[in-house]
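Next comes run-v1.cif, with mmCIF, C-alpha atoms and all ligand atoms.
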```cif
data_run
#
loop_
_atom_site.label_atom_id
_atom_site.label_comp_id
_atom_site.auth_asym_id
_atom_site.auth_seq_id
_atom_site.Cartn_x
_atom_site.Cartn_y
_atom_site.Cartn_z
CA MET C 385 35.39 -68.93 83.92
CA THR C 386 33.13 -69.62 86.87
CA ALA C 387 30.99 -67.26 88.95
CA GLY C 388 32.15 -65.13 91.90
CA LYS C 389 34.61 -62.88 90.13
CA LYS C 390 36.79 -60.09 91.40
CA VAL C 391 36.11 -57.13 89.12
CA ALA C 392 38.09 -53.90 88.82
CA VAL C 393 36.56 -50.78 87.28
CA VAL C 394 39.38 -48.51 86.11
CA GLY C 395 38.13 -44.95 85.58
CA ALA C 396 35.49 -45.45 88.27
CA THR C 397 35.05 -41.71 88.87
CA GLY C 398 34.33 -40.94 85.20
CA VAL C 399 30.95 -40.88 83.47
CA VAL C 400 31.48 -44.31 81.88
CA GLY C 401 33.03 -45.82 85.02
CA GLN C 402 30.09 -44.65 87.13
CA GLU C 403 27.70 -46.18 84.59
CA MET C 404 29.70 -49.43 84.70
CA LEU C 405 29.23 -49.62 88.46
CA ARG C 406 25.50 -48.94 88.03
CA VAL C 407 25.12 -51.58 85.31
CA LEU C 408 27.12 -54.22 87.23
CA HIS C 409 24.88 -53.67 90.24
CA GLN C 410 21.58 -53.45 88.33
CA ARG C 411 22.27 -56.67 86.43
CA GLY C 412 23.39 -58.54 89.53
CA PHE C 413 26.77 -59.35 88.00
CA PRO C 414 28.17 -62.32 89.90
CA ALA C 415 31.08 -60.51 91.52
CA ARG C 416 32.51 -61.51 94.86
CA GLU C 417 34.32 -58.17 94.99
CA VAL C 418 34.25 -54.95 92.96
CA ILE C 419 37.09 -52.48 93.26
CA ALA C 420 37.04 -48.87 92.05
CA VAL C 421 40.24 -47.55 90.51
CA ALA C 422 41.10 -44.06 89.23
CA SER C 423 44.04 -41.66 89.33
CA GLU C 424 46.04 -40.59 92.37
CA ARG C 425 43.81 -37.47 92.46
CA SER C 426 40.76 -39.53 93.40
CA ALA C 427 42.35 -41.95 95.87
CA GLY C 428 40.19 -42.20 98.98
CA ARG C 429 37.10 -40.71 97.30
CA LYS C 430 33.89 -42.71 97.59
CA VAL C 431 31.81 -43.90 94.63
CA ALA C 432 28.37 -45.51 94.82
CA PHE C 433 27.87 -49.20 94.09
CA GLY C 434 24.21 -49.92 94.69
CA ASP C 435 23.52 -48.90 98.27
CA ARG C 436 27.18 -49.32 99.22
CA GLU C 437 30.15 -47.06 98.77
CA LEU C 438 33.49 -48.13 97.37
CA GLU C 439 36.68 -46.33 98.25
CA VAL C 440 38.60 -45.37 95.14
CA ARG C 441 42.12 -46.75 94.85
CA ALA C 442 44.89 -45.12 92.87
CA ILE C 443 46.05 -47.20 89.93
CA CYS C 444 49.20 -49.27 90.64
CA PRO C 445 50.27 -52.85 89.85
CA GLU C 446 48.96 -54.13 93.20
CA VAL C 447 45.33 -53.18 92.48
CA PHE C 448 45.20 -55.91 89.82
CA GLU C 449 46.24 -58.73 92.16
CA GLY C 450 43.58 -61.46 92.05
CA VAL C 451 41.40 -59.49 89.61
CA ASP C 452 39.51 -61.71 87.15
CA ILE C 453 37.93 -59.01 84.99
CA ALA C 454 39.22 -55.44 84.59
CA LEU C 455 36.86 -52.98 82.93
CA PHE C 456 38.92 -50.02 81.69
CA SER C 457 37.45 -46.59 80.91
CA ALA C 458 40.19 -44.11 81.73
CA GLY C 459 41.34 -43.10 78.25
CA ALA C 460 43.67 -44.65 75.71
CA ASP C 461 46.95 -43.67 77.36
CA ILE C 462 45.96 -45.35 80.62
CA SER C 463 44.77 -48.45 78.76
CA LEU C 464 48.02 -48.68 76.78
CA GLU C 465 50.08 -48.41 79.95
CA TRP C 466 47.98 -50.43 82.39
CA GLY C 467 45.90 -52.82 80.24
CA PRO C 468 48.88 -55.16 79.64
CA VAL C 469 49.79 -54.92 83.36
CA ALA C 470 46.29 -56.07 84.33
CA ALA C 471 46.35 -58.82 81.69
CA ALA C 472 49.78 -60.02 82.88
CA ALA C 473 48.36 -60.23 86.41
CA GLY C 474 45.75 -62.66 85.08
CA ALA C 475 42.74 -60.41 84.44
CA VAL C 476 40.71 -60.39 81.26
CA VAL C 477 40.77 -56.74 80.25
CA ILE C 478 37.67 -55.23 78.61
CA ASP C 479 38.79 -51.87 77.33
CA ASN C 480 36.52 -48.96 76.45
CA SER C 481 39.20 -46.77 74.93
CA SER C 482 40.45 -46.68 71.35
CA ALA C 483 43.86 -48.07 72.39
CA PHE C 484 43.51 -51.64 71.11
CA ARG C 485 40.44 -51.63 68.87
CA MET C 486 42.24 -52.16 65.58
CA ASP C 487 44.93 -54.49 67.01
CA ASP C 488 44.73 -57.79 65.10
CA ASP C 489 45.31 -59.66 68.36
CA VAL C 490 42.46 -57.92 70.16
CA PRO C 491 38.86 -58.81 69.38
CA LEU C 492 36.45 -55.88 68.96
CA VAL C 493 33.15 -57.08 70.32
CA VAL C 494 29.48 -56.14 70.28
CA PRO C 495 27.66 -59.13 71.81
CA GLU C 496 24.66 -58.87 69.45
CA CYS C 497 27.04 -59.06 66.47
CA ASN C 498 30.15 -61.11 67.20
CA ILE C 499 30.35 -62.39 70.77
CA GLU C 500 32.19 -65.49 69.48
CA ALA C 501 35.20 -63.24 68.73
CA ALA C 502 35.71 -62.67 72.48
CA ALA C 503 36.98 -66.23 72.90
CA ASN C 504 40.11 -65.53 70.84
CA ARG C 505 42.07 -62.95 72.85
CA PRO C 506 45.81 -63.64 72.59
CA ARG C 507 46.69 -60.50 74.59
CA GLY C 508 44.07 -61.12 77.27
CA ILE C 509 42.37 -57.92 76.09
CA ILE C 510 38.94 -57.41 74.50
CA ALA C 511 38.08 -54.02 73.03
CA ASN C 512 34.75 -52.26 73.33
CA PRO C 513 34.00 -50.25 70.17
CA ASN C 514 33.34 -46.54 69.91
CA CYS C 515 29.89 -45.53 71.17
CA SER C 516 28.62 -44.37 67.76
CA THR C 517 29.78 -47.58 66.11
CA ILE C 518 28.14 -49.82 68.72
CA GLN C 519 24.62 -48.49 68.29
CA MET C 520 24.97 -48.43 64.51
CA VAL C 521 26.15 -52.04 64.15
CA VAL C 522 23.47 -53.35 66.53
CA ALA C 523 20.91 -51.97 64.04
CA LEU C 524 22.84 -52.93 60.90
CA LYS C 525 23.68 -56.53 61.85
CA PRO C 526 20.27 -58.13 61.07
CA LEU C 527 20.04 -56.18 57.82
CA HIS C 528 23.57 -57.17 56.82
CA ASP C 529 22.88 -60.85 57.53
CA GLU C 530 19.79 -60.72 55.32
CA ALA C 531 20.82 -58.52 52.41
CA LYS C 532 24.57 -57.75 52.72
CA ILE C 533 25.16 -54.06 53.30
CA GLU C 534 27.44 -52.50 50.69
CA ARG C 535 27.35 -48.83 51.64
CA VAL C 536 26.41 -46.74 54.68
CA VAL C 537 26.12 -42.95 54.82
CA VAL C 538 25.84 -41.90 58.46
CA SER C 539 25.59 -38.54 60.24
CA THR C 540 25.79 -38.53 64.03
CA TYR C 541 24.27 -36.17 66.59
CA GLN C 542 26.41 -37.01 69.63
CA ALA C 543 25.68 -36.10 73.23
CA VAL C 544 28.17 -34.15 75.32
CA SER C 545 28.50 -36.97 77.90
CA GLY C 546 30.37 -38.84 75.17
CA ALA C 547 33.24 -36.43 75.82
CA GLY C 548 33.42 -37.24 79.55
CA ALA C 549 32.54 -35.59 82.84
CA PRO C 550 34.57 -32.37 82.30
CA ALA C 551 32.75 -31.72 79.01
CA VAL C 552 29.34 -32.14 80.70
CA ALA C 553 30.37 -29.60 83.37
CA CYS C 554 31.68 -27.24 80.69
CA LEU C 555 28.38 -27.27 78.74
CA ASP C 556 26.45 -26.61 81.97
CA ALA C 557 28.72 -23.62 82.69
CA GLN C 558 28.30 -22.31 79.13
CA ARG C 559 24.51 -22.53 79.45
CA ARG C 560 24.57 -20.61 82.74
CA SER C 561 26.81 -17.90 81.25
CA LEU C 562 24.60 -17.66 78.16
CA ALA C 563 21.48 -17.22 80.33
CA LEU C 564 23.19 -14.50 82.39
CA GLY C 565 24.63 -12.74 79.34
CA GLU C 566 28.18 -13.32 80.62
CA PRO C 567 31.22 -14.19 78.47
CA LEU C 568 31.45 -17.94 77.75
CA GLU C 569 34.40 -20.13 78.75
CA MET C 570 35.22 -22.54 75.92
CA GLY C 571 37.05 -24.88 78.35
CA VAL C 572 37.52 -28.53 77.37
CA LEU C 573 34.87 -28.19 74.65
CA GLU C 574 37.21 -25.81 72.79
CA GLY C 575 34.23 -23.95 71.39
CA GLN C 576 30.66 -22.88 72.15
CA LEU C 577 28.36 -25.90 72.36
CA ALA C 578 25.53 -24.14 74.24
CA GLY C 579 23.04 -23.20 71.52
CA ASN C 580 25.39 -24.55 68.87
CA LEU C 581 26.99 -27.72 67.50
CA LEU C 582 30.65 -28.61 67.11
CA MET C 583 33.00 -30.89 65.22
CA HIS C 584 36.03 -30.89 67.48
CA TRP C 585 37.42 -34.40 67.40
CA SER C 586 41.03 -34.87 66.28
CA ARG C 587 41.40 -34.27 62.59
CA ASP C 588 43.14 -36.62 60.19
CA GLU C 589 44.89 -34.27 57.79
CA ALA C 590 45.40 -36.83 55.04
CA SER C 591 41.73 -37.74 54.67
CA GLY C 592 39.99 -34.57 55.88
CA TYR C 593 37.96 -36.70 58.31
CA GLN C 594 37.80 -36.60 62.09
CA GLU C 595 39.22 -39.59 63.97
CA GLU C 596 35.75 -40.17 65.42
CA GLU C 597 34.47 -40.65 61.86
CA LEU C 598 37.29 -42.96 60.81
CA LYS C 599 36.53 -45.15 63.85
CA MET C 600 33.06 -45.75 62.40
CA VAL C 601 34.60 -46.78 59.06
CA HIS C 602 37.15 -49.26 60.39
CA GLU C 603 35.36 -50.60 63.47
CA THR C 604 32.18 -51.38 61.51
CA ARG C 605 34.16 -53.56 59.10
CA LYS C 606 36.02 -55.36 61.88
CA ILE C 607 32.87 -56.10 63.92
CA LEU C 608 30.75 -57.22 60.96
CA GLY C 609 33.74 -59.12 59.50
CA ASP C 610 33.36 -57.53 56.08
CA ASP C 611 36.06 -55.20 54.73
CA SER C 612 33.99 -54.44 51.65
CA ILE C 613 31.41 -52.30 53.50
CA ARG C 614 31.84 -48.65 52.50
CA VAL C 615 31.03 -46.17 55.29
CA SER C 616 30.74 -42.39 54.71
CA PRO C 617 30.49 -40.73 58.15
CA THR C 618 30.03 -37.21 59.53
CA ALA C 619 30.27 -36.87 63.34
CA VAL C 620 28.64 -33.90 65.07
CA ARG C 621 28.53 -32.95 68.76
CA VAL C 622 25.18 -31.51 69.84
CA PRO C 623 24.12 -29.86 73.12
CA VAL C 624 22.28 -32.93 74.40
CA ALA C 625 23.26 -34.45 77.75
CA THR C 626 22.98 -38.17 76.98
CA GLY C 627 21.96 -40.21 73.92
CA HIS C 628 23.58 -40.30 70.51
CA SER C 629 21.34 -40.12 67.43
CA GLU C 630 22.28 -41.23 63.93
CA SER C 631 20.76 -40.67 60.52
CA ILE C 632 21.73 -43.68 58.41
CA ALA C 633 21.24 -44.32 54.69
CA LEU C 634 22.27 -47.73 53.40
CA GLU C 635 22.51 -49.76 50.21
CA THR C 636 22.36 -53.53 50.11
CA ALA C 637 23.53 -56.14 47.58
CA ARG C 638 20.21 -57.97 47.72
CA PRO C 639 16.76 -56.30 47.74
CA LEU C 640 15.52 -55.22 51.17
CA THR C 641 12.15 -53.50 51.55
CA PRO C 642 11.34 -51.23 54.50
CA GLU C 643 8.69 -53.76 55.56
CA ARG C 644 11.20 -56.62 55.67
CA ALA C 645 13.78 -54.40 57.40
CA ARG C 646 11.20 -53.58 60.06
CA GLU C 647 10.45 -57.29 60.59
CA LEU C 648 14.15 -58.07 60.94
CA LEU C 649 14.73 -55.18 63.34
CA GLU C 650 11.71 -56.11 65.47
CA ALA C 651 13.18 -59.59 65.93
CA ALA C 652 16.78 -58.44 66.47
CA PRO C 653 18.46 -58.68 69.88
CA GLY C 654 19.19 -55.33 71.53
CA VAL C 655 16.88 -53.40 69.17
CA GLU C 656 13.53 -51.79 69.84
CA VAL C 657 11.59 -50.40 66.88
CA VAL C 658 9.94 -47.06 67.76
CA ASP C 659 8.45 -46.09 64.45
CA ASP C 660 5.05 -44.58 63.74
CA PHE C 661 6.11 -41.36 62.15
CA ALA C 662 2.62 -40.55 60.80
CA ALA C 663 1.52 -40.42 64.44
CA GLY C 664 4.62 -38.42 65.44
CA VAL C 665 6.37 -41.42 67.01
CA TYR C 666 10.16 -41.63 66.60
CA PRO C 667 13.00 -42.12 69.08
CA THR C 668 14.73 -39.16 70.72
CA PRO C 669 17.79 -39.00 73.01
CA LEU C 670 15.55 -38.47 76.04
CA ASP C 671 13.68 -41.69 75.15
CA CYS C 672 16.86 -43.78 75.23
CA GLU C 673 18.45 -42.40 78.42
CA GLY C 674 18.96 -45.25 80.88
CA ARG C 675 17.62 -47.82 78.40
CA ASP C 676 19.52 -50.88 77.22
CA ALA C 677 18.01 -51.16 73.74
CA VAL C 678 19.07 -49.29 70.65
CA LEU C 679 15.94 -47.51 69.38
CA VAL C 680 15.25 -47.53 65.64
CA GLY C 681 12.69 -45.38 63.86
CA ARG C 682 11.92 -43.71 60.54
CA ILE C 683 12.48 -46.93 58.58
CA ARG C 684 11.82 -45.90 54.98
CA GLU C 685 12.92 -46.30 51.40
CA ASP C 686 15.58 -43.77 50.43
CA ILE C 687 13.73 -41.31 48.20
CA GLY C 688 16.99 -40.19 46.59
CA ASN C 689 18.31 -43.70 46.06
CA PRO C 690 15.47 -46.11 45.22
CA GLY C 691 16.12 -49.57 46.66
CA GLY C 692 18.15 -48.03 49.49
CA LEU C 693 16.92 -47.60 53.07
CA GLN C 694 17.02 -44.81 55.62
CA LEU C 695 16.92 -45.24 59.41
CA TRP C 696 17.07 -43.09 62.54
CA VAL C 697 19.00 -44.86 65.31
CA VAL C 698 19.22 -43.59 68.91
CA GLY C 699 21.13 -45.14 71.82
CA ASP C 700 22.34 -44.29 75.32
CA ASN C 701 26.05 -43.63 74.68
CA LEU C 702 27.06 -44.27 78.28
CA ARG C 703 25.05 -47.47 78.56
CA LYS C 704 24.94 -49.54 75.33
CA GLY C 705 27.59 -47.25 73.83
CA ALA C 706 30.04 -48.07 76.63
CA ALA C 707 29.25 -49.58 80.04
CA LEU C 708 26.49 -52.05 79.16
CA ASN C 709 28.34 -53.41 76.16
CA ALA C 710 31.43 -54.02 78.32
CA VAL C 711 29.40 -55.72 81.05
CA GLN C 712 27.57 -57.89 78.49
CA ILE C 713 30.97 -59.06 77.24
CA ALA C 714 32.01 -59.84 80.82
CA GLU C 715 28.75 -61.76 81.35
CA ALA C 716 29.46 -63.83 78.27
CA LEU C 717 32.86 -64.81 79.68
CA ILE C 718 31.39 -66.49 82.78
N1 LIG F 801 31.59 -41.10 77.43
C1 LIG F 801 31.24 -42.00 76.51
O1 LIG F 801 30.10 -41.98 75.99
C2 LIG F 801 32.22 -43.04 76.08
C3 LIG F 801 31.75 -44.05 75.25
C4 LIG F 801 32.62 -45.04 74.83
C5 LIG F 801 33.92 -45.01 75.26
N2 LIG F 801 34.37 -44.00 76.07
C6 LIG F 801 35.78 -44.05 76.48
O2 LIG F 801 35.84 -44.33 77.87
C7 LIG F 801 36.98 -43.67 78.46
C8 LIG F 801 36.53 -42.81 79.64
O3 LIG F 801 35.59 -41.87 79.18
P1 LIG F 801 34.70 -40.99 80.16
O4 LIG F 801 33.76 -40.30 79.24
O5 LIG F 801 34.17 -41.79 81.30
O6 LIG F 801 35.80 -39.94 80.71
P2 LIG F 801 35.82 -39.11 82.09
O7 LIG F 801 34.44 -38.85 82.60
O8 LIG F 801 36.70 -37.94 81.82
O9 LIG F 801 36.54 -40.09 83.13
C9 LIG F 801 37.91 -40.43 83.01
C10 LIG F 801 38.28 -41.44 84.08
O10 LIG F 801 39.65 -41.83 83.88
C11 LIG F 801 40.34 -41.68 85.10
N3 LIG F 801 41.74 -41.32 84.89
C12 LIG F 801 42.24 -40.24 84.27
N4 LIG F 801 43.59 -40.23 84.34
C13 LIG F 801 43.94 -41.35 85.02
C14 LIG F 801 45.17 -41.91 85.44
N5 LIG F 801 46.34 -41.30 85.17
N6 LIG F 801 45.16 -43.07 86.12
C15 LIG F 801 43.99 -43.69 86.42
N7 LIG F 801 42.79 -43.20 86.06
C16 LIG F 801 42.76 -42.05 85.38
C17 LIG F 801 39.62 -40.54 85.79
O11 LIG F 801 39.96 -40.57 87.16
P3 LIG F 801 40.16 -39.21 88.04
O12 LIG F 801 38.75 -38.80 88.43
O13 LIG F 801 40.97 -39.67 89.17
O14 LIG F 801 40.83 -38.20 87.14
C18 LIG F 801 38.18 -40.90 85.51
O15 LIG F 801 37.77 -41.91 86.40
C19 LIG F 801 37.64 -42.92 77.30
O16 LIG F 801 38.64 -43.73 76.76
C20 LIG F 801 36.52 -42.74 76.32
O17 LIG F 801 36.98 -42.58 75.00
C21 LIG F 801 33.55 -43.02 76.49
#
```

What does this structure look like when you write it as structure tokens?
Amino acid sequence: MTAGKKVAVVGATGVVGQEMLRVLHQRGFPAREVIAVASERSAGRKVAFGDRELEVRAICPEVFEGVDIALFSAGADISLEWGPVAAAAGAVVIDNSSAFRMDDDVPLVVPECNIEAAANRPRGIIANPNCSTIQMVVALKPLHDEAKIERVVVSTYQAVSGAGAPAVACLDAQRRSLALGEPLEMGVLEGQLAGNLLMHWSRDEASGYQEEELKMVHETRKILGDDSIRVSPTAVRVPVATGHSESIALETARPLTPERARELLEAAPGVEVVDDFAAGVYPTPLDCEGRDAVLVGRIREDIGNPGGLQLWVVGDNLRKGAALNAVQIAEALI
């Protein structure tokens, strides 16, 4: 591919789509044209692209004419229906939804881990992993390369923006009602998140896990190219606007001290070590908002599992967890 691309952002009115437009502009992506696409409901609306405004177009086959790169973030159903249409029209589709992630003919790519996989895309589609998986594998990759990770126990503390714009509005409304002592609307959150935490992703009856958790199991293996890694996840939604946090405990096949892990993480692409816990320094969701790097702190030996390691990993779910990762893939294509 050469520079001067026509880029479509599908889902341009959503929280990820808006972040995609911001990231494309901030990074000076070499686009000769950017088009904003959403549902019929949003046709004619304006969305910001730098200091310009783009008029939103309703999705239809014609919007993909001449498009080189189509960044999709409009949910799995839209990707399943329209991703192949965009690919058939000649676009490389980079899809943020879960629609194609585990398809053998679709690479699942985190540039810091496996950008080479993006070259083999028989369906013309590249999948962006789940936000929680992305920030975890960015931190795990250098440790896996050095010592081979065998087991990961991870608990997430996921921001409400990970559930989309309606969920953000719903939490704001719940907070206002709580402050005024009025009855709370559960809305799209399907429960009280203000002053609380929730586990309301789709449940997999057979395993007792949430789909969000199973994504971390399967996507981690696909991205790191190692089906032997055992992942034990618990996913939790917390009343934080932006920034997912993860408590990770891991075991490796070869010895890995906290000191060596710190060295590896300090040298790793896409990682920033923020770790001086004795001085009260550790990453928080507010620290990562708007930042590209995945922040890693609390690097320590696992007191309950000598030889194991524990980490605290924080990342901007809209940026590295979605929009930035997709744009980095697009940058690698040109
Ligand atoms: N939020 C995150 O942290 C995150 C991270 C990784 C991946 N993702 C994935 O990214 C996708 C979007 O998430 P989001 O959080 O940005 O959701 P969102 O804020 O709810 O935005 C959804 C977008 O999809 C568009 N859309 C809905 N129905 C459509 C249709 N029939 N045709 C065309 N466009 C349609 C919406 O357009 P209208 O305004 O016209 O309805 C809107 O632009 C999801 O697949 C999600 O799983 C999200």

Within-7 Å residues of ligand LIG 801 (chain F), basis all atoms listed in the file, as a PyMOL selection string: chain C and resi 394-401+421-426+442-443+457-460+462+480-482+514-515+545-550+701-702+705-706

All residues 9 Å or closer to region 645-649 of chain C, all atoms listed in the file, same chain fewer than 2 positions away omitted, as number ranges by chain: C: 523-524, 526-527, 530, 640-643, 651-653, 655-657, 680, 683, 693

Since we have the selection now, will you write its residues out, keeping C-alpha atoms, as a JSON list (two decimals), in the coordinates of the input?
```json
[["chain", "number", "residue", "atom", "x", "y", "z"],
["C", 523, "ALA", "CA", 20.91, -51.97, 64.04],
["C", 524, "LEU", "CA", 22.84, -52.93, 60.90],
["C", 526, "PRO", "CA", 20.27, -58.13, 61.07],
["C", 527, "LEU", "CA", 20.04, -56.18, 57.82],
["C", 530, "GLU", "CA", 19.79, -60.72, 55.32],
["C", 640, "LEU", "CA", 15.52, -55.22, 51.17],
["C", 641, "THR", "CA", 12.15, -53.50, 51.55],
["C", 642, "PRO", "CA", 11.34, -51.23, 54.50],
["C", 643, "GLU", "CA", 8.69, -53.76, 55.56],
["C", 651, "ALA", "CA", 13.18, -59.59, 65.93],
["C", 652, "ALA", "CA", 16.78, -58.44, 66.47],
["C", 653, "PRO", "CA", 18.46, -58.68, 69.88],
["C", 655, "VAL", "CA", 16.88, -53.40, 69.17],
["C", 656, "GLU", "CA", 13.53, -51.79, 69.84],
["C", 657, "VAL", "CA", 11.59, -50.40, 66.88],
["C", 680, "VAL", "CA", 15.25, -47.53, 65.64],
["C", 683, "ILE", "CA", 12.48, -46.93, 58.58],
["C", 693, "LEU", "CA", 16.92, -47.60, 53.07]]
```

Atom pair CA of Ile518 (chain C) / CA of Lys389 (chain C): separation (Å): 25.9 Å

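Note that the spacing between CA of Ala633 (chain C) and CA of Gly691 (chain C) amounts to 10.9 Å.
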
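The spacing separating CA of Gly571 (chain C) from CA of Thr618 (chain C) amounts to 23.6 Å.
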
Pull N, CA, C and O atoms for region 498-514 of chain C from the block and write them as a PDB file, in the first residue's frame.
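Final output, part-v8.pdb:
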```pdb
ATOM      1  N   ASN C 498       2.365  -9.015  17.430  1.00  0.00           N
ATOM      2  CA  ASN C 498       2.313  -9.909  16.258  1.00  0.00           C
ATOM      3  C   ASN C 498       1.917  -9.169  14.984  1.00  0.00           C
ATOM      4  O   ASN C 498       1.065  -9.655  14.228  1.00  0.00           O
ATOM      5  N   ILE C 499       2.530  -8.031  14.737  1.00  0.00           N
ATOM      6  CA  ILE C 499       2.132  -7.245  13.560  1.00  0.00           C
ATOM      7  C   ILE C 499       2.312  -8.039  12.268  1.00  0.00           C
ATOM      8  O   ILE C 499       1.583  -7.842  11.297  1.00  0.00           O
ATOM      9  N   GLU C 500       3.271  -8.993  12.265  1.00  0.00           N
ATOM     10  CA  GLU C 500       3.510  -9.792  11.057  1.00  0.00           C
ATOM     11  C   GLU C 500       2.250 -10.567  10.644  1.00  0.00           C
ATOM     12  O   GLU C 500       2.052 -10.853   9.463  1.00  0.00           O
ATOM     13  N   ALA C 501       1.375 -10.884  11.605  1.00  0.00           N
ATOM     14  CA  ALA C 501       0.162 -11.646  11.289  1.00  0.00           C
ATOM     15  C   ALA C 501      -0.773 -10.863  10.371  1.00  0.00           C
ATOM     16  O   ALA C 501      -1.567 -11.449   9.629  1.00  0.00           O
ATOM     17  N   ALA C 502      -0.666  -9.531  10.385  1.00  0.00           N
ATOM     18  CA  ALA C 502      -1.584  -8.698   9.589  1.00  0.00           C
ATOM     19  C   ALA C 502      -1.406  -8.907   8.086  1.00  0.00           C
ATOM     20  O   ALA C 502      -2.309  -8.619   7.302  1.00  0.00           O
ATOM     21  N   ALA C 503      -0.242  -9.421   7.701  1.00  0.00           N
ATOM     22  CA  ALA C 503       0.031  -9.591   6.265  1.00  0.00           C
ATOM     23  C   ALA C 503      -0.794 -10.738   5.662  1.00  0.00           C
ATOM     24  O   ALA C 503      -1.078 -10.745   4.466  1.00  0.00           O
ATOM     25  N   ASN C 504      -1.188 -11.691   6.496  1.00  0.00           N
ATOM     26  CA  ASN C 504      -1.937 -12.851   6.002  1.00  0.00           C
ATOM     27  C   ASN C 504      -3.414 -12.680   6.354  1.00  0.00           C
ATOM     28  O   ASN C 504      -3.852 -13.030   7.448  1.00  0.00           O
ATOM     29  N   ARG C 505      -4.174 -12.103   5.422  1.00  0.00           N
ATOM     30  CA  ARG C 505      -5.586 -11.795   5.708  1.00  0.00           C
ATOM     31  C   ARG C 505      -6.447 -12.239   4.537  1.00  0.00           C
ATOM     32  O   ARG C 505      -6.900 -11.412   3.727  1.00  0.00           O
ATOM     33  N   PRO C 506      -6.714 -13.560   4.456  1.00  0.00           N
ATOM     34  CA  PRO C 506      -7.436 -14.100   3.302  1.00  0.00           C
ATOM     35  C   PRO C 506      -8.804 -13.465   3.081  1.00  0.00           C
ATOM     36  O   PRO C 506      -9.275 -13.382   1.947  1.00  0.00           O
ATOM     37  N   ARG C 507      -9.452 -12.974   4.152  1.00  0.00           N
ATOM     38  CA  ARG C 507     -10.788 -12.395   3.986  1.00  0.00           C
ATOM     39  C   ARG C 507     -10.736 -10.880   3.814  1.00  0.00           C
ATOM     40  O   ARG C 507     -11.780 -10.227   3.736  1.00  0.00           O
ATOM     41  N   GLY C 508      -9.501 -10.335   3.831  1.00  0.00           N
ATOM     42  CA  GLY C 508      -9.383  -8.877   3.723  1.00  0.00           C
ATOM     43  C   GLY C 508      -9.770  -8.190   5.025  1.00  0.00           C
ATOM     44  O   GLY C 508     -10.027  -6.980   5.052  1.00  0.00           O
ATOM     45  N   ILE C 509      -9.817  -8.974   6.106  1.00  0.00           N
ATOM     46  CA  ILE C 509     -10.249  -8.439   7.406  1.00  0.00           C
ATOM     47  C   ILE C 509      -9.168  -8.732   8.444  1.00  0.00           C
ATOM     48  O   ILE C 509      -8.605  -9.835   8.478  1.00  0.00           O
ATOM     49  N   ILE C 510      -8.887  -7.725   9.272  1.00  0.00           N
ATOM     50  CA  ILE C 510      -7.974  -7.871  10.410  1.00  0.00           C
ATOM     51  C   ILE C 510      -8.786  -7.539  11.655  1.00  0.00           C
ATOM     52  O   ILE C 510      -9.508  -6.535  11.670  1.00  0.00           O
ATOM     53  N   ALA C 511      -8.670  -8.357  12.685  1.00  0.00           N
ATOM     54  CA  ALA C 511      -9.449  -8.099  13.900  1.00  0.00           C
ATOM     55  C   ALA C 511      -8.593  -7.413  14.956  1.00  0.00           C
ATOM     56  O   ALA C 511      -7.413  -7.725  15.120  1.00  0.00           O
ATOM     57  N   ASN C 512      -9.223  -6.477  15.647  1.00  0.00           N
ATOM     58  CA  ASN C 512      -8.641  -5.805  16.801  1.00  0.00           C
ATOM     59  C   ASN C 512      -9.135  -6.576  18.032  1.00  0.00           C
ATOM     60  O   ASN C 512     -10.333  -6.814  18.151  1.00  0.00           O
ATOM     61  N   PRO C 513      -8.260  -6.936  18.950  1.00  0.00           N
ATOM     62  CA  PRO C 513      -8.740  -7.720  20.099  1.00  0.00           C
ATOM     63  C   PRO C 513      -9.609  -6.912  21.046  1.00  0.00           C
ATOM     64  O   PRO C 513      -9.737  -5.686  20.936  1.00  0.00           O
ATOM     65  N   ASN C 514     -10.158  -7.615  22.013  1.00  0.00           N
ATOM     66  CA  ASN C 514     -10.894  -6.995  23.116  1.00  0.00           C
ATOM     67  C   ASN C 514      -9.968  -6.053  23.888  1.00  0.00           C
ATOM     68  O   ASN C 514      -8.776  -6.325  24.022  1.00  0.00           O
TER      69      ASN C 514
END
```
